[in-house]
Amino acid sequence: MFKTKLSESRAWGELNTSKFMDRHLGAIAALILMSLLSSLSGTPFDHNISNGWEAFVWGLADPVISLNCLVGIVAIGLLSSVFVSGAAIAGCFVLATVLGIVIHIFQLDLPGTEIAFAESVGAAIAISTIVFGTMLMMPNQLNFLVLALVGISAGLFQGYANAESIVSAGTISVVAYILGIALTLFAVAMSAREIGVGMGMGEINRTLSWKISLAGFALCAIGIVFLSNSLI
């Protein structure tokens, strides 16, 4: 009787975990689709923010409008699931993004951005996406410190790019924007991490390996396309 109840409880727990992961997958798939449609339709990324509410809404939206930025956030979430304390990597990425916003607001330049803002920052974000894709193709060789440093670099450039729309905004708008962007980044990154944990990223097997490699290849392809566009 005890064994029967235990097996039923375990099956119920696995079913709940599966449903939970499916919800994360569905949400991220919807975001990627929206981002792809936004990129293909030529939706303008430049926007004027006049109040705190607009700043908060744009803060929520900006990380997922650009496909190049969104897939980078998803990638770092997936990669962080390889490590038990990987949530710290996602946290470093979010904090670095906020720092990138602050750096831009105070008109400090990141290396290379003084050459041509859009091209240099876009290229840096694309390169980080390619690096994340490469890491996904060889998850067994990941290093915690290296991944954290790459995540911090990617976050700095992404935050620097996103802050272009609020450089002339008021203090309340800036704070609201940072709050919105931090919420979106954390939600997407941690959702991707939960998906990675549910898939067993920490214990790669042959069945899972080719799926992860395919995802890494797709990320590299997206990064290469955006890198080419930023250099043309």
# chains A, B, ... in the order shown; residues from 1 in each chain; ligands from 1

call {"tool": "residues_around", "arguments": {"residues": "Ser173 in chain A", "least_positions_apart": "6", "cutoff": "8 Å", "atoms": "only C-alpha atoms", "output": "number ranges by chain"}}
result
A: 49-56, 166

call {"tool": "closest_residue", "arguments": {"among": "A:Ile222, A:Gly155, A:Ile65, A:Ser228", "to": "Ala182 in chain A", "atoms": "only C-alpha atoms"}}
result
A:Gly155

call {"tool": "residues_around", "arguments": {"residues": "Val71 in chain A", "least_positions_apart": "4", "cutoff": "7 Å", "atoms": "only C-alpha atoms", "output": "PyMOL selection string"}}
result
chain A and resi 67+75+219

call {"tool": "closest_residue", "arguments": {"among": "A:Val146, A:Met138, A:Ile152, A:Ala161", "to": "Ser66 in chain A", "atoms": "only C-alpha atoms"}}
result
A:Ala161

call {"tool": "residues_around", "arguments": {"residues": "Ser153 in chain A", "least_positions_apart": "4", "cutoff": "10 Å", "atoms": "only C-alpha atoms", "output": "mmCIF file with all heavy atoms, in the first residue's frame"}}
result
data_model
loop_
_atom_site.group_PDB
_atom_site.id
_atom_site.type_symbol
_atom_site.label_atom_id
_atom_site.label_comp_id
_atom_site.auth_asym_id
_atom_site.auth_seq_id
_atom_site.Cartn_x
_atom_site.Cartn_y
_atom_site.Cartn_z
ATOM 1 N N CYS A 92 23.734 37.726 -12.317
ATOM 2 C CA CYS A 92 24.834 38.594 -12.763
ATOM 3 C C CYS A 92 24.503 39.239 -14.101
ATOM 4 O O CYS A 92 24.822 40.414 -14.335
ATOM 5 C CB CYS A 92 26.126 37.784 -12.883
ATOM 6 S SG CYS A 92 26.864 37.339 -11.295
ATOM 7 N N PHE A 93 23.852 38.482 -14.979
ATOM 8 C CA PHE A 93 23.459 39.012 -16.286
ATOM 9 C C PHE A 93 22.474 40.168 -16.121
ATOM 10 O O PHE A 93 22.615 41.221 -16.762
ATOM 11 C CB PHE A 93 22.845 37.898 -17.129
ATOM 12 C CG PHE A 93 22.270 38.364 -18.438
ATOM 13 C CD1 PHE A 93 23.105 38.628 -19.518
ATOM 14 C CD2 PHE A 93 20.909 38.551 -18.587
ATOM 15 C CE1 PHE A 93 22.588 39.061 -20.726
ATOM 16 C CE2 PHE A 93 20.378 38.978 -19.798
ATOM 17 C CZ PHE A 93 21.217 39.241 -20.863
ATOM 18 N N ALA A 96 24.259 43.175 -14.627
ATOM 19 C CA ALA A 96 25.141 43.779 -15.628
ATOM 20 C C ALA A 96 24.333 44.614 -16.627
ATOM 21 O O ALA A 96 24.787 45.671 -17.073
ATOM 22 C CB ALA A 96 25.932 42.699 -16.355
ATOM 23 N N THR A 97 23.138 44.149 -16.968
ATOM 24 C CA THR A 97 22.275 44.905 -17.880
ATOM 25 C C THR A 97 21.875 46.241 -17.257
ATOM 26 O O THR A 97 21.900 47.285 -17.909
ATOM 27 C CB THR A 97 21.019 44.096 -18.238
ATOM 28 O OG1 THR A 97 21.399 42.836 -18.795
ATOM 29 C CG2 THR A 97 20.152 44.846 -19.235
ATOM 30 N N GLY A 100 24.784 48.474 -17.380
ATOM 31 C CA GLY A 100 24.949 49.011 -18.730
ATOM 32 C C GLY A 100 24.037 50.200 -18.984
ATOM 33 O O GLY A 100 24.438 51.184 -19.626
ATOM 34 N N ALA A 124 28.355 43.589 -30.839
ATOM 35 C CA ALA A 124 28.739 42.976 -29.568
ATOM 36 C C ALA A 124 27.662 42.021 -29.070
ATOM 37 O O ALA A 124 27.958 40.911 -28.592
ATOM 38 C CB ALA A 124 29.007 44.060 -28.523
ATOM 39 N N ILE A 125 26.401 42.417 -29.189
ATOM 40 C CA ILE A 125 25.292 41.556 -28.759
ATOM 41 C C ILE A 125 25.217 40.310 -29.646
ATOM 42 O O ILE A 125 24.997 39.197 -29.165
ATOM 43 C CB ILE A 125 23.958 42.322 -28.795
ATOM 44 C CG1 ILE A 125 23.990 43.466 -27.777
ATOM 45 C CG2 ILE A 125 22.785 41.391 -28.509
ATOM 46 C CD1 ILE A 125 22.790 44.384 -27.833
ATOM 47 N N SER A 128 27.981 37.896 -28.705
ATOM 48 C CA SER A 128 27.667 37.178 -27.469
ATOM 49 C C SER A 128 26.649 36.071 -27.727
ATOM 50 O O SER A 128 26.726 34.999 -27.124
ATOM 51 C CB SER A 128 27.139 38.151 -26.408
ATOM 52 O OG SER A 128 25.892 38.703 -26.778
ATOM 53 N N LEU A 147 31.339 31.346 -18.127
ATOM 54 C CA LEU A 147 29.950 31.643 -18.479
ATOM 55 C C LEU A 147 29.480 32.913 -17.780
ATOM 56 O O LEU A 147 28.795 33.748 -18.388
ATOM 57 C CB LEU A 147 29.049 30.470 -18.110
ATOM 58 C CG LEU A 147 27.549 30.651 -18.384
ATOM 59 C CD1 LEU A 147 27.295 30.963 -19.855
ATOM 60 C CD2 LEU A 147 26.775 29.405 -17.960
ATOM 61 N N ALA A 148 29.857 33.074 -16.508
ATOM 62 C CA ALA A 148 29.465 34.276 -15.764
ATOM 63 C C ALA A 148 30.055 35.527 -16.405
ATOM 64 O O ALA A 148 29.366 36.548 -16.558
ATOM 65 C CB ALA A 148 29.913 34.160 -14.307
ATOM 66 N N LEU A 149 31.320 35.457 -16.821
ATOM 67 C CA LEU A 149 31.982 36.616 -17.434
ATOM 68 C C LEU A 149 31.359 36.958 -18.785
ATOM 69 O O LEU A 149 31.149 38.133 -19.101
ATOM 70 C CB LEU A 149 33.477 36.335 -17.596
ATOM 71 C CG LEU A 149 34.293 36.290 -16.295
ATOM 72 C CD1 LEU A 149 35.735 35.883 -16.587
ATOM 73 C CD2 LEU A 149 34.255 37.646 -15.594
ATOM 74 N N PHE A 157 26.460 45.254 -22.613
ATOM 75 C CA PHE A 157 26.180 45.804 -23.942
ATOM 76 C C PHE A 157 24.679 45.880 -24.206
ATOM 77 O O PHE A 157 24.208 46.832 -24.841
ATOM 78 C CB PHE A 157 26.870 44.965 -25.020
ATOM 79 C CG PHE A 157 28.325 45.303 -25.194
ATOM 80 C CD1 PHE A 157 29.310 44.508 -24.638
ATOM 81 C CD2 PHE A 157 28.714 46.433 -25.890
ATOM 82 C CE1 PHE A 157 30.658 44.828 -24.786
ATOM 83 C CE2 PHE A 157 30.048 46.774 -26.041
ATOM 84 C CZ PHE A 157 31.028 45.962 -25.484
ATOM 85 N N GLN A 158 23.932 44.876 -23.723
ATOM 86 C CA GLN A 158 22.488 44.917 -23.948
ATOM 87 C C GLN A 158 21.859 46.078 -23.186
ATOM 88 O O GLN A 158 21.000 46.790 -23.712
ATOM 89 C CB GLN A 158 21.848 43.593 -23.516
ATOM 90 C CG GLN A 158 20.353 43.539 -23.807
ATOM 91 C CD GLN A 158 19.806 42.132 -23.763
ATOM 92 O OE1 GLN A 158 20.489 41.188 -24.164
ATOM 93 N NE2 GLN A 158 18.593 41.967 -23.281
#

call {"tool": "residues_around", "arguments": {"residues": "Asn143 in chain A", "least_positions_apart": "6", "cutoff": "12 Å", "atoms": "only C-alpha atoms", "output": "PDB file with N, CA, C and O atoms, in the first residue's frame"}}
result
ATOM      1  N   LEU A  79      21.918  27.718 -20.213  1.00  0.00           N
ATOM      2  CA  LEU A  79      23.287  27.378 -19.829  1.00  0.00           C
ATOM      3  C   LEU A  79      23.463  27.385 -18.311  1.00  0.00           C
ATOM      4  O   LEU A  79      24.213  26.570 -17.768  1.00  0.00           O
ATOM      5  N   SER A  80      22.769  28.283 -17.630  1.00  0.00           N
ATOM      6  CA  SER A  80      22.900  28.353 -16.176  1.00  0.00           C
ATOM      7  C   SER A  80      22.342  27.118 -15.483  1.00  0.00           C
ATOM      8  O   SER A  80      22.707  26.812 -14.344  1.00  0.00           O
ATOM      9  N   VAL A  82      22.982  24.141 -16.086  1.00  0.00           N
ATOM     10  CA  VAL A  82      24.001  23.099 -15.973  1.00  0.00           C
ATOM     11  C   VAL A  82      24.600  23.086 -14.565  1.00  0.00           C
ATOM     12  O   VAL A  82      25.026  22.046 -14.069  1.00  0.00           O
ATOM     13  N   PHE A  83      24.593  24.253 -13.908  1.00  0.00           N
ATOM     14  CA  PHE A  83      25.211  24.380 -12.590  1.00  0.00           C
ATOM     15  C   PHE A  83      24.142  24.485 -11.502  1.00  0.00           C
ATOM     16  O   PHE A  83      23.100  25.105 -11.700  1.00  0.00           O
ATOM     17  N   GLY A  86      23.614  27.953 -10.670  1.00  0.00           N
ATOM     18  CA  GLY A  86      23.562  28.708 -11.921  1.00  0.00           C
ATOM     19  C   GLY A  86      22.656  29.922 -11.886  1.00  0.00           C
ATOM     20  O   GLY A  86      22.786  30.814 -12.721  1.00  0.00           O
ATOM     21  N   ILE A  89      24.395  33.112 -12.117  1.00  0.00           N
ATOM     22  CA  ILE A  89      24.830  33.561 -13.437  1.00  0.00           C
ATOM     23  C   ILE A  89      23.751  34.430 -14.071  1.00  0.00           C
ATOM     24  O   ILE A  89      24.030  35.496 -14.616  1.00  0.00           O
ATOM     25  N   MET A 135      28.595  27.594 -26.805  1.00  0.00           N
ATOM     26  CA  MET A 135      28.611  26.948 -25.487  1.00  0.00           C
ATOM     27  C   MET A 135      27.528  25.879 -25.374  1.00  0.00           C
ATOM     28  O   MET A 135      27.745  24.826 -24.763  1.00  0.00           O
ATOM     29  N   LEU A 136      26.355  26.163 -25.967  1.00  0.00           N
ATOM     30  CA  LEU A 136      25.273  25.179 -25.923  1.00  0.00           C
ATOM     31  C   LEU A 136      25.622  23.908 -26.693  1.00  0.00           C
ATOM     32  O   LEU A 136      25.133  22.834 -26.373  1.00  0.00           O
ATOM     33  N   LEU A 149      31.320  35.457 -16.821  1.00  0.00           N
ATOM     34  CA  LEU A 149      31.982  36.616 -17.434  1.00  0.00           C
ATOM     35  C   LEU A 149      31.359  36.958 -18.785  1.00  0.00           C
ATOM     36  O   LEU A 149      31.149  38.133 -19.101  1.00  0.00           O
ATOM     37  N   VAL A 150      31.064  35.936 -19.591  1.00  0.00           N
ATOM     38  CA  VAL A 150      30.416  36.176 -20.885  1.00  0.00           C
ATOM     39  C   VAL A 150      29.026  36.773 -20.672  1.00  0.00           C
ATOM     40  O   VAL A 150      28.606  37.698 -21.384  1.00  0.00           O
TER      41      VAL A 150
END

call {"tool": "closest_residue", "arguments": {"among": "A:Trp58, A:Phe186, A:Phe106, A:Phe144", "to": "Val84 in chain A", "atoms": "only C-alpha atoms"}}
result
A:Phe144

call {"tool": "atom_distance", "arguments": {"atom1": "CA of Leu142 in chain A", "atom2": "CA of Leu183 in chain A"}}
result
26.7 Å

call {"tool": "select_by_dssp", "arguments": {"residues": "range 132-178 of chain A", "states": "alpha helix (DSSP H)", "output": "PyMOL selection string"}}
result
chain A and resi 132-136+144-162+171-178

call {"tool": "closest_residue", "arguments": {"among": "A:Leu185, A:Val102, A:Leu78, A:Ala163", "to": "Ala215 in chain A", "atoms": "only C-alpha atoms"}}
result
A:Leu78
